file model_17.pdb (PDB, C-alpha atoms and all ligand atoms)
ATOM      1  CA  MET X  17     -34.541 -33.897 -25.414
ATOM      2  CA  SER X  18     -36.395 -31.024 -23.812
ATOM      3  CA  VAL X  19     -37.807 -30.035 -20.440
ATOM      4  CA  THR X  20     -41.247 -28.477 -20.300
ATOM      5  CA  LEU X  21     -41.617 -25.716 -17.732
ATOM      6  CA  ASN X  22     -44.883 -24.168 -16.607
ATOM      7  CA  SER X  23     -45.292 -20.470 -17.323
ATOM      8  CA  SER X  24     -44.215 -19.243 -13.884
ATOM      9  CA  GLU X  25     -41.085 -21.419 -14.005
ATOM     10  CA  TRP X  26     -40.245 -20.179 -17.499
ATOM     11  CA  ASN X  27     -40.740 -16.545 -16.448
ATOM     12  CA  LEU X  28     -38.684 -17.069 -13.294
ATOM     13  CA  VAL X  29     -35.686 -18.385 -15.256
ATOM     14  CA  TYR X  30     -36.057 -15.619 -17.856
ATOM     15  CA  ASN X  31     -36.191 -12.903 -15.176
ATOM     16  CA  VAL X  32     -33.363 -14.363 -13.124
ATOM     17  CA  PHE X  33     -31.095 -14.348 -16.198
ATOM     18  CA  SER X  34     -32.074 -10.749 -16.883
ATOM     19  CA  PHE X  35     -31.337  -9.814 -13.264
ATOM     20  CA  GLY X  36     -27.956 -11.575 -13.465
ATOM     21  CA  LEU X  37     -27.092  -9.699 -16.640
ATOM     22  CA  VAL X  38     -27.859  -6.224 -15.338
ATOM     23  CA  SER X  39     -26.219  -6.898 -11.956
ATOM     24  CA  MET X  40     -22.970  -7.749 -13.733
ATOM     25  CA  LEU X  41     -23.137  -4.632 -15.936
ATOM     26  CA  ALA X  42     -23.930  -2.290 -13.043
ATOM     27  CA  CYS X  43     -21.213  -3.768 -10.858
ATOM     28  CA  THR X  44     -18.649  -3.415 -13.659
ATOM     29  CA  ILE X  45     -19.380   0.308 -13.909
ATOM     30  CA  TYR X  46     -19.353   0.812 -10.146
ATOM     31  CA  THR X  47     -15.962  -0.810  -9.582
ATOM     32  CA  LEU X  48     -14.517   0.973 -12.641
ATOM     33  CA  VAL X  49     -15.519   4.465 -11.514
ATOM     34  CA  SER X  50     -14.360   3.732  -7.956
ATOM     35  CA  GLN X  51     -10.724   3.293  -9.016
ATOM     36  CA  SER X  52      -9.670   6.709  -7.703
ATOM     37  CA  ARG X  53     -11.204   6.006  -4.282
ATOM     38  CA  VAL X  54      -8.400   3.610  -3.384
ATOM     39  CA  LEU X  55      -4.596   3.843  -3.324
ATOM     40  CA  PRO X  56      -2.863   2.821  -6.598
ATOM     41  CA  LYS X  57      -1.564  -0.427  -5.122
ATOM     42  CA  TYR X  58      -5.144  -1.676  -4.630
ATOM     43  CA  ARG X  59      -6.396  -0.673  -8.066
ATOM     44  CA  ASN X  60      -5.383  -3.942  -9.643
ATOM     45  CA  ALA X  61      -7.796  -5.786  -7.369
ATOM     46  CA  LEU X  62     -10.599  -3.515  -8.602
ATOM     47  CA  VAL X  63      -9.590  -4.073 -12.228
ATOM     48  CA  MET X  64      -9.878  -7.814 -11.594
ATOM     49  CA  SER X  65     -13.359  -7.317 -10.180
ATOM     50  CA  SER X  66     -14.443  -5.201 -13.168
ATOM     51  CA  MET X  67     -13.072  -7.853 -15.523
ATOM     52  CA  VAL X  68     -14.866 -10.652 -13.693
ATOM     53  CA  THR X  69     -18.260  -8.928 -13.879
ATOM     54  CA  PHE X  70     -17.644  -7.783 -17.464
ATOM     55  CA  ILE X  71     -16.854 -11.345 -18.580
ATOM     56  CA  ALA X  72     -19.901 -12.582 -16.672
ATOM     57  CA  GLY X  73     -22.101  -9.850 -18.172
ATOM     58  CA  TYR X  74     -21.111 -11.020 -21.647
ATOM     59  CA  HIS X  75     -21.887 -14.640 -20.771
ATOM     60  CA  TYR X  76     -25.237 -13.768 -19.191
ATOM     61  CA  TRP X  77     -26.123 -11.950 -22.375
ATOM     62  CA  ARG X  78     -25.377 -15.161 -24.304
ATOM     63  CA  ILE X  79     -27.128 -17.381 -21.732
ATOM     64  CA  PHE X  80     -30.200 -15.132 -21.791
ATOM     65  CA  ASN X  81     -30.393 -15.285 -25.585
ATOM     66  CA  SER X  82     -29.645 -18.998 -25.635
ATOM     67  CA  PHE X  83     -32.582 -19.615 -23.275
ATOM     68  CA  GLY X  84     -34.915 -17.719 -25.610
ATOM     69  CA  GLU X  85     -33.627 -19.493 -28.717
ATOM     70  CA  ALA X  86     -33.811 -22.948 -27.121
ATOM     71  CA  SER X  87     -37.432 -22.414 -26.051
ATOM     72  CA  GLU X  88     -40.370 -23.496 -28.125
ATOM     73  CA  GLY X  89     -43.232 -22.207 -26.066
ATOM     74  CA  MET X  90     -42.419 -23.465 -22.585
ATOM     75  CA  ALA X  91     -40.359 -26.423 -23.816
ATOM     76  CA  VAL X  92     -36.624 -25.802 -23.457
ATOM     77  CA  ASN X  93     -34.353 -27.855 -25.701
ATOM     78  CA  VAL X  94     -31.539 -29.245 -23.526
ATOM     79  CA  SER X  95     -30.334 -31.886 -25.982
ATOM     80  CA  GLY X  96     -26.821 -30.483 -26.281
ATOM     81  CA  GLU X  97     -27.296 -30.187 -30.038
ATOM     82  CA  GLN X  98     -27.275 -27.062 -32.162
ATOM     83  CA  GLY X  99     -29.992 -24.642 -31.081
ATOM     84  CA  ALA X 100     -30.204 -26.204 -27.608
ATOM     85  CA  PHE X 101     -29.709 -24.268 -24.365
ATOM     86  CA  ASN X 102     -25.951 -23.860 -24.105
ATOM     87  CA  GLU X 103     -24.560 -24.820 -20.701
ATOM     88  CA  ALA X 104     -20.985 -24.288 -21.918
ATOM     89  CA  TYR X 105     -21.257 -20.496 -21.505
ATOM     90  CA  ARG X 106     -21.373 -20.951 -17.749
ATOM     91  CA  TYR X 107     -18.308 -23.146 -17.658
ATOM     92  CA  VAL X 108     -16.299 -20.917 -19.996
ATOM     93  CA  ASP X 109     -17.332 -18.031 -17.761
ATOM     94  CA  TRP X 110     -16.183 -19.832 -14.601
ATOM     95  CA  LEU X 111     -12.965 -21.000 -16.236
ATOM     96  CA  LEU X 112     -12.049 -17.329 -16.712
ATOM     97  CA  THR X 113     -13.660 -15.705 -13.675
ATOM     98  CA  VAL X 114     -12.882 -18.148 -10.861
ATOM     99  CA  PRO X 115      -9.073 -17.844 -11.230
ATOM    100  CA  LEU X 116      -9.522 -14.055 -11.562
ATOM    101  CA  LEU X 117     -11.606 -13.931  -8.370
ATOM    102  CA  LEU X 118      -8.884 -15.704  -6.457
ATOM    103  CA  VAL X 119      -6.206 -13.384  -7.846
ATOM    104  CA  GLU X 120      -8.500 -10.508  -6.809
ATOM    105  CA  VAL X 121      -8.481 -11.694  -3.179
ATOM    106  CA  ILE X 122      -4.710 -12.006  -3.152
ATOM    107  CA  ALA X 123      -4.270  -8.614  -4.868
ATOM    108  CA  VAL X 124      -6.356  -6.711  -2.319
ATOM    109  CA  LEU X 125      -4.325  -8.104   0.543
ATOM    110  CA  ALA X 126      -1.140  -6.654  -0.982
ATOM    111  CA  LEU X 127       1.027  -9.349   0.600
ATOM    112  CA  ALA X 128       4.763  -9.709   0.063
ATOM    113  CA  LYS X 129       5.550 -10.597  -3.578
ATOM    114  CA  GLU X 130       6.808 -14.128  -2.917
ATOM    115  CA  VAL X 131       3.803 -14.949  -0.731
ATOM    116  CA  SER X 132       1.362 -13.684  -3.392
ATOM    117  CA  ARG X 133       3.131 -15.562  -6.140
ATOM    118  CA  SER X 134       3.180 -18.804  -4.189
ATOM    119  CA  LEU X 135      -0.551 -18.545  -3.391
ATOM    120  CA  ILE X 136      -1.476 -17.627  -6.967
ATOM    121  CA  THR X 137       0.544 -20.418  -8.584
ATOM    122  CA  ARG X 138      -1.378 -22.917  -6.470
ATOM    123  CA  LEU X 139      -4.847 -21.341  -6.572
ATOM    124  CA  VAL X 140      -5.086 -20.620 -10.300
ATOM    125  CA  PRO X 141      -4.317 -24.148 -11.625
ATOM    126  CA  ALA X 142      -6.472 -25.715  -8.884
ATOM    127  CA  SER X 143      -9.461 -23.532  -9.777
ATOM    128  CA  ALA X 144      -9.083 -24.216 -13.510
ATOM    129  CA  ALA X 145      -8.922 -27.959 -12.777
ATOM    130  CA  MET X 146     -12.046 -27.732 -10.598
ATOM    131  CA  ILE X 147     -14.098 -26.170 -13.394
ATOM    132  CA  ALA X 148     -12.666 -28.300 -16.221
ATOM    133  CA  LEU X 149     -13.384 -31.497 -14.274
ATOM    134  CA  GLY X 150     -16.946 -30.427 -13.447
ATOM    135  CA  TYR X 151     -17.984 -29.801 -17.062
ATOM    136  CA  PRO X 152     -18.096 -33.408 -18.393
ATOM    137  CA  GLY X 153     -20.358 -34.251 -15.449
ATOM    138  CA  GLU X 154     -22.599 -31.234 -15.965
ATOM    139  CA  ILE X 155     -23.387 -32.071 -19.592
ATOM    140  CA  SER X 156     -23.676 -35.814 -19.097
ATOM    141  CA  SER X 157     -27.042 -37.465 -18.531
ATOM    142  CA  ASP X 158     -25.449 -40.604 -17.131
ATOM    143  CA  GLN X 159     -25.518 -40.619 -13.319
ATOM    144  CA  ASN X 160     -22.241 -42.500 -12.882
ATOM    145  CA  THR X 161     -20.419 -39.967 -15.062
ATOM    146  CA  GLN X 162     -22.029 -37.092 -13.141
ATOM    147  CA  VAL X 163     -20.941 -38.525  -9.798
ATOM    148  CA  LEU X 164     -17.426 -39.390 -11.021
ATOM    149  CA  TYR X 165     -16.663 -35.881 -12.336
ATOM    150  CA  GLY X 166     -18.429 -34.288  -9.367
ATOM    151  CA  VAL X 167     -16.078 -36.131  -7.019
ATOM    152  CA  LEU X 168     -12.986 -35.377  -9.145
ATOM    153  CA  SER X 169     -13.883 -31.681  -9.218
ATOM    154  CA  THR X 170     -14.364 -31.641  -5.445
ATOM    155  CA  ILE X 171     -10.696 -32.538  -4.886
ATOM    156  CA  PRO X 172      -9.273 -29.214  -6.187
ATOM    157  CA  PHE X 173     -12.273 -27.454  -4.558
ATOM    158  CA  LEU X 174     -11.214 -28.724  -1.123
ATOM    159  CA  TYR X 175      -7.603 -27.862  -1.870
ATOM    160  CA  ILE X 176      -8.604 -24.244  -2.646
ATOM    161  CA  LEU X 177     -10.549 -24.012   0.612
ATOM    162  CA  TYR X 178      -7.553 -25.397   2.470
ATOM    163  CA  ILE X 179      -5.261 -22.717   0.981
ATOM    164  CA  LEU X 180      -7.724 -19.905   1.677
ATOM    165  CA  PHE X 181      -8.554 -20.921   5.215
ATOM    166  CA  VAL X 182      -5.327 -22.396   6.496
ATOM    167  CA  GLU X 183      -2.487 -20.871   4.469
ATOM    168  CA  LEU X 184      -4.009 -17.431   4.008
ATOM    169  CA  GLY X 185      -5.013 -17.341   7.686
ATOM    170  CA  LYS X 186      -1.347 -17.061   8.558
ATOM    171  CA  SER X 187      -0.876 -13.815   6.622
ATOM    172  CA  LEU X 188      -4.100 -12.314   8.010
ATOM    173  CA  GLU X 189      -2.459 -11.865  11.381
ATOM    174  CA  ARG X 190      -0.391  -9.076   9.853
ATOM    175  CA  GLN X 191      -3.367  -7.071   8.537
ATOM    176  CA  PRO X 192      -4.826  -4.029  10.395
ATOM    177  CA  ALA X 193      -7.610  -4.985  12.859
ATOM    178  CA  GLY X 194     -10.702  -3.796  10.911
ATOM    179  CA  VAL X 195      -9.305  -5.259   7.708
ATOM    180  CA  ALA X 196      -8.725  -8.690   9.230
ATOM    181  CA  GLU X 197     -12.381  -8.672  10.272
ATOM    182  CA  THR X 198     -13.641  -7.728   6.791
ATOM    183  CA  VAL X 199     -11.374 -10.302   5.167
ATOM    184  CA  GLY X 200     -12.879 -12.829   7.587
ATOM    185  CA  ARG X 201     -16.322 -11.813   6.314
ATOM    186  CA  LEU X 202     -15.061 -12.091   2.727
ATOM    187  CA  ARG X 203     -14.000 -15.671   3.350
ATOM    188  CA  LEU X 204     -17.380 -16.432   4.892
ATOM    189  CA  LEU X 205     -19.093 -14.970   1.830
ATOM    190  CA  LEU X 206     -16.810 -17.085  -0.319
ATOM    191  CA  ILE X 207     -17.584 -20.354   1.410
ATOM    192  CA  ALA X 208     -21.328 -19.584   1.533
ATOM    193  CA  THR X 209     -21.534 -18.727  -2.168
ATOM    194  CA  TRP X 210     -19.057 -21.243  -3.550
ATOM    195  CA  GLY X 211     -20.884 -23.942  -1.606
ATOM    196  CA  VAL X 212     -24.029 -23.255  -3.677
ATOM    197  CA  TYR X 213     -22.379 -24.504  -6.902
ATOM    198  CA  PRO X 214     -21.763 -28.101  -5.843
ATOM    199  CA  ILE X 215     -25.255 -28.127  -4.266
ATOM    200  CA  ALA X 216     -26.851 -26.943  -7.532
ATOM    201  CA  TYR X 217     -24.798 -29.593  -9.345
ATOM    202  CA  ILE X 218     -26.274 -32.254  -7.048
ATOM    203  CA  PHE X 219     -29.810 -31.076  -7.993
ATOM    204  CA  ASN X 220     -28.843 -32.000 -11.516
ATOM    205  CA  ILE X 221     -27.935 -35.539 -10.476
ATOM    206  CA  VAL X 222     -30.933 -36.287  -8.276
ATOM    207  CA  GLY X 223     -33.412 -34.256 -10.340
ATOM    208  CA  ASP X 224     -33.071 -36.486 -13.399
ATOM    209  CA  GLU X 225     -33.728 -33.930 -16.171
ATOM    210  CA  SER X 226     -37.003 -32.713 -14.679
ATOM    211  CA  ALA X 227     -38.311 -29.174 -15.167
ATOM    212  CA  SER X 228     -37.969 -28.355 -11.472
ATOM    213  CA  SER X 229     -34.334 -29.456 -11.333
ATOM    214  CA  PHE X 230     -33.574 -27.372 -14.456
ATOM    215  CA  VAL X 231     -35.123 -24.343 -12.743
ATOM    216  CA  ALA X 232     -33.356 -25.015  -9.425
ATOM    217  CA  VAL X 233     -29.957 -25.374 -11.126
ATOM    218  CA  GLN X 234     -30.299 -22.226 -13.267
ATOM    219  CA  VAL X 235     -31.706 -20.046 -10.477
ATOM    220  CA  GLY X 236     -29.171 -21.444  -7.987
ATOM    221  CA  TYR X 237     -26.167 -20.816 -10.239
ATOM    222  CA  THR X 238     -27.339 -17.314 -11.139
ATOM    223  CA  ILE X 239     -27.932 -16.143  -7.563
ATOM    224  CA  ALA X 240     -24.602 -17.666  -6.525
ATOM    225  CA  ASP X 241     -22.910 -15.845  -9.434
ATOM    226  CA  VAL X 242     -24.336 -12.472  -8.370
ATOM    227  CA  LEU X 243     -23.156 -13.036  -4.795
ATOM    228  CA  ALA X 244     -19.766 -14.501  -5.757
ATOM    229  CA  LYS X 245     -18.970 -11.800  -8.327
ATOM    230  CA  CYS X 246     -20.918  -8.598  -7.543
ATOM    231  CA  VAL X 247     -21.320  -8.672  -3.767
ATOM    232  CA  PHE X 248     -17.828 -10.123  -3.541
ATOM    233  CA  GLY X 249     -16.426  -7.335  -5.739
ATOM    234  CA  LEU X 250     -18.105  -4.704  -3.581
ATOM    235  CA  THR X 251     -16.592  -6.292  -0.471
ATOM    236  CA  ILE X 252     -13.182  -6.168  -2.166
ATOM    237  CA  LEU X 253     -13.768  -2.461  -2.828
ATOM    238  CA  LYS X 254     -14.648  -1.958   0.833
ATOM    239  CA  ILE X 255     -11.470  -3.718   1.969
ATOM    240  CA  ALA X 256      -9.375  -1.681  -0.484
ATOM    241  CA  ARG X 257     -10.900   1.561   0.851
ATOM    242  CA  MET X 258     -10.351   0.595   4.484
ATOM    243  CA  LYS X 259      -6.750  -0.297   3.777
ATOM    244  CA  SER X 260      -6.227   2.902   1.768
ATOM    245  CA  HIS X 261      -7.521   5.001   4.666
ATOM    246  CA  ALA X 262      -5.479   3.047   7.189
ATOM    247  CA  GLU X 263      -2.453   3.872   5.038
ATOM    248  CA  GLY X 264      -3.089   7.605   4.959
ATOM    249  CA  MET X 265      -5.487   8.258   2.077
ATOM    250  CA  ALA X 266      -7.804  11.191   2.885
ATOM    251  CA  ALA X 267     -11.171   9.945   4.174
ATOM    252  CA  ASP X 268     -13.267  11.978   1.704
ATOM    253  CA  HIS X 269     -12.080   9.781  -1.196
TER
HETATM  254  C1  LIG X 301     -18.730 -28.019  -9.796
HETATM  255  C2  LIG X 301     -18.866 -29.520 -10.100
HETATM  256  C3  LIG X 301     -19.243 -30.310  -8.915
HETATM  257  C4  LIG X 301     -18.210 -30.217  -7.824
HETATM  258  C5  LIG X 301     -17.787 -28.811  -7.563
HETATM  259  C6  LIG X 301     -18.052 -27.769  -8.445
HETATM  260  C7  LIG X 301     -17.659 -26.426  -7.993
HETATM  261  C8  LIG X 301     -17.877 -25.273  -8.577
HETATM  262  C9  LIG X 301     -17.546 -23.986  -8.042
HETATM  263  C10 LIG X 301     -17.729 -22.933  -8.849
HETATM  264  C11 LIG X 301     -17.508 -21.586  -8.510
HETATM  265  C12 LIG X 301     -17.820 -20.646  -9.366
HETATM  266  C13 LIG X 301     -17.717 -19.252  -9.120
HETATM  267  C14 LIG X 301     -18.144 -18.466 -10.102
HETATM  268  C15 LIG X 301     -18.273 -17.074  -9.967
HETATM  269  O1  LIG X 301     -17.643 -16.280 -10.492
HETATM  270  C16 LIG X 301     -17.881 -27.476 -10.928
HETATM  271  C17 LIG X 301     -20.127 -27.413  -9.851
HETATM  272  C18 LIG X 301     -17.034 -28.580  -6.264
HETATM  273  C19 LIG X 301     -17.009 -23.850  -6.671
HETATM  274  C20 LIG X 301     -17.203 -18.720  -7.854
END

call {"tool": "encode", "arguments": {"input": "model_17.pdb", "output": "structure tokens"}}
result
Amino acid sequence: MSVTLNSSEWNLVYNVFSFGLVSMLACTIYTLVSQSRVLPKYRNALVMSSMVTFIAGYHYWRIFNSFGEASEGMAVNVSGEQGAFNEAYRYVDWLLTVPLLLVEVIAVLALAKEVSRSLITRLVPASAAMIALGYPGEISSDQNTQVLYGVLSTIPFLYILYILFVELGKSLERQPAGVAETVGRLRLLLIATWGVYPIAYIFNIVGDESASSFVAVQVGYTIADVLAKCVFGLTILKIARMKSHAEGMAADH
């Protein structure tokens, strides 16, 4: 089975993948070289961010190549067979990066050890379950299966939002004023970008294997990935710098 794009659609997907790839590479370098601009206790959060964008850069490289290999002219093979466009790269990427992103948020807050551990032991399994449950729906062409796994995956998704907005809110009260504000913005960025994924997934269900739904899903996921990984990582860096300065690090760092 294949979807036939027109030339501007094909070029758009090709260019968006290329943009995603270079954004991840550039962001990896930026967060790596910025290590010394924050206090040692915040460096782990930056390492997480570098790892997230590195892992994503690798997967965008594979996705980009897979798109080229699956294309015969403007027809993209989406059959799921060998040589077809491989949607699994995205899910393997998310399976690794989504738990890391959540650990990154917790790490930059530098909360008490028990609080961090309790948040992480709930967030990491929930995020892995969310991605693992979404995959069977993503690759299925049967609408009932897509809806079933979409709903199942939404359960851990809502649980994660509950932890981030309700549970984490309690520890925010103890953060310095400017930091609490930036963390508030971080959570807004998180909800705005993470919300794009289920919406793109819905395009897949209602779009019924059409070229325009293929384009919408791929462009949607890629833009959301750049926001959720790169822009998010840069916000984490900003929070780490603000906290480092609030805790006595010289301002010229
Ligand atoms: C799926 C399936 C449909 C239901 C829901 C989903 C949520 C996906 C999310 C993915 C987040 C990915 C991130 C990647 C960036 O690194 C799996 C599409 C709720 C929230 C943040």

call {"tool": "resolve_selection", "arguments": {"input": "model_17.pdb", "expression": "the PyMOL selection byres (((chain X and resi 30) around 12) and not hetatm)", "output": "PyMOL selection string"}}
result
chain X and resi 21+23-29+31-37+76-77+79-85+87+90+92+231+234-235+238

call {"tool": "atom_distance", "arguments": {"input": "model_17.pdb", "atom1": "atom CA of X:Tyr213", "atom2": "atom CA of X:Ala104"}}
result
15.1 Å

call {"tool": "residues_around", "arguments": {"input": "model_17.pdb", "residues": "X:Asn102", "least_positions_apart": "3", "cutoff": "9 Å", "atoms": "only C-alpha atoms", "output": "list in words"}}
result
Arg78, Ile79, Ser82, Phe83, Ala86, Val94, Gly96, Glu97, Gln98, Gly99, Tyr105 and Arg106 of chain X

call {"tool": "residues_around", "arguments": {"input": "model_17.pdb", "residues": "X:Leu168", "least_positions_apart": "2", "cutoff": "8 Å", "atoms": "all atoms listed in the file", "output": "list in words"}}
result
Met146, Leu149, Gly150, Leu164, Tyr165, Gly166, Thr170, Ile171 and Pro172 of chain X

call {"tool": "write_last_selection", "arguments": {"input": "model_17.pdb", "atoms": "C-alpha atoms", "output": "PDB file, in the coordinates of the input"}}
result
ATOM      1  CA  MET X 146     -12.046 -27.732 -10.598  1.00  0.00           C
ATOM      2  CA  LEU X 149     -13.384 -31.497 -14.274  1.00  0.00           C
ATOM      3  CA  GLY X 150     -16.946 -30.427 -13.447  1.00  0.00           C
ATOM      4  CA  LEU X 164     -17.426 -39.390 -11.021  1.00  0.00           C
ATOM      5  CA  TYR X 165     -16.663 -35.881 -12.336  1.00  0.00           C
ATOM      6  CA  GLY X 166     -18.429 -34.288  -9.367  1.00  0.00           C
ATOM      7  CA  THR X 170     -14.364 -31.641  -5.445  1.00  0.00           C
ATOM      8  CA  ILE X 171     -10.696 -32.538  -4.886  1.00  0.00           C
ATOM      9  CA  PRO X 172      -9.273 -29.214  -6.187  1.00  0.00           C
TER      10      PRO X 172
END

call {"tool": "closest_residue", "arguments": {"input": "model_17.pdb", "among": "X:Asp241, X:Glu103, X:Glu197, X:Asp158", "to": "ligand LIG 301 (chain X)", "atoms": "only C-alpha atoms and all ligand atoms"}}
result
X:Asp241

call {"tool": "closest_residue", "arguments": {"input": "model_17.pdb", "among": "X:Phe101, X:Trp210, X:Tyr46, X:Tyr175", "to": "ligand LIG 301 (chain X)", "atoms": "all atoms listed in the file"}}
result
X:Trp210

call {"tool": "closest_residue", "arguments": {"input": "model_17.pdb", "among": "X:Lys57, X:His75, X:His261, X:Arg138", "to": "ligand LIG 301 (chain X)", "atoms": "only C-alpha atoms and all ligand atoms"}}
result
X:His75

call {"tool": "residues_near_ligand", "arguments": {"input": "model_17.pdb", "ligand": "ligand LIG 301 (chain X)", "cutoff": "9 Å", "atoms": "all atoms listed in the file", "output": "VMD selection string"}}
result
chain X and resid 68 to 69 72 106 to 107 109 to 118 143 146 to 151 153 to 154 162 to 163 165 to 174 206 to 207 209 to 218 237 240 to 246

call {"tool": "atom_distance", "arguments": {"input": "model_17.pdb", "atom1": "atom CA of X:Arg203", "atom2": "atom CA of X:Gln51"}}
result
22.9 Å

call {"tool": "resolve_selection", "arguments": {"input": "model_17.pdb", "expression": "the PyMOL selection byres (((chain X and resi 257) around 12) and not hetatm)", "output": "PyMOL selection string"}}
result
chain X and resi 47+50-59+61-62+124-125+194-195+198+250-256+258-269

call {"tool": "closest_residue", "arguments": {"input": "model_17.pdb", "among": "X:Ser18, X:Met67, X:Gly73, X:Ile176", "to": "X:Ala42", "atoms": "all atoms listed in the file"}}
result
X:Gly73

call {"tool": "atom_distance", "arguments": {"input": "model_17.pdb", "atom1": "atom CA of X:Leu177", "atom2": "atom CA of X:Gly236"}}
result
20.7 Å

call {"tool": "build_atoms", "arguments": {"input": "model_17.pdb", "residues": "stretch 218-224 of chain X", "atoms": "all heavy atoms", "output": "short mmCIF file (atom, residue, chain, number, x, y, z; two decimals), in the frame of the given file"}}
result
data_model
loop_
_atom_site.label_atom_id
_atom_site.label_comp_id
_atom_site.auth_asym_id
_atom_site.auth_seq_id
_atom_site.Cartn_x
_atom_site.Cartn_y
_atom_site.Cartn_z
N ILE X 218 -25.63 -31.05 -7.58
CA ILE X 218 -26.27 -32.25 -7.05
C ILE X 218 -27.76 -32.30 -7.46
O ILE X 218 -28.28 -33.36 -7.77
CB ILE X 218 -26.10 -32.34 -5.51
CG1 ILE X 218 -24.63 -32.60 -5.19
CG2 ILE X 218 -26.97 -33.45 -4.91
CD1 ILE X 218 -24.25 -32.47 -3.72
N PHE X 219 -28.42 -31.13 -7.52
CA PHE X 219 -29.81 -31.08 -7.99
C PHE X 219 -29.92 -31.72 -9.36
O PHE X 219 -30.90 -32.37 -9.71
CB PHE X 219 -30.29 -29.62 -8.13
CG PHE X 219 -30.80 -29.03 -6.85
CD1 PHE X 219 -30.25 -27.87 -6.32
CD2 PHE X 219 -31.87 -29.62 -6.19
CE1 PHE X 219 -30.72 -27.33 -5.14
CE2 PHE X 219 -32.35 -29.07 -5.00
CZ PHE X 219 -31.77 -27.92 -4.49
N ASN X 220 -28.89 -31.48 -10.16
CA ASN X 220 -28.84 -32.00 -11.52
C ASN X 220 -28.80 -33.53 -11.52
O ASN X 220 -29.39 -34.18 -12.37
CB ASN X 220 -27.56 -31.47 -12.16
CG ASN X 220 -27.74 -31.20 -13.62
OD1 ASN X 220 -28.85 -31.22 -14.11
ND2 ASN X 220 -26.64 -30.97 -14.31
N ILE X 221 -28.09 -34.08 -10.52
CA ILE X 221 -27.94 -35.54 -10.48
C ILE X 221 -29.22 -36.19 -9.97
O ILE X 221 -29.73 -37.12 -10.58
CB ILE X 221 -26.75 -35.94 -9.55
CG1 ILE X 221 -25.46 -35.29 -10.06
CG2 ILE X 221 -26.62 -37.45 -9.47
CD1 ILE X 221 -24.23 -35.61 -9.22
N VAL X 222 -29.76 -35.65 -8.86
CA VAL X 222 -30.93 -36.29 -8.28
C VAL X 222 -32.22 -35.91 -9.02
O VAL X 222 -33.19 -36.64 -9.00
CB VAL X 222 -31.08 -35.96 -6.76
CG1 VAL X 222 -29.92 -36.52 -5.98
CG2 VAL X 222 -31.20 -34.48 -6.52
N GLY X 223 -32.19 -34.75 -9.70
CA GLY X 223 -33.41 -34.26 -10.34
C GLY X 223 -33.77 -34.97 -11.63
O GLY X 223 -34.89 -34.90 -12.10
N ASP X 224 -32.79 -35.64 -12.24
CA ASP X 224 -33.07 -36.49 -13.40
C ASP X 224 -33.80 -35.75 -14.53
O ASP X 224 -34.86 -36.18 -14.98
CB ASP X 224 -33.91 -37.69 -12.93
CG ASP X 224 -33.48 -38.95 -13.66
OD1 ASP X 224 -32.43 -38.91 -14.32
OD2 ASP X 224 -34.20 -39.96 -13.58
#
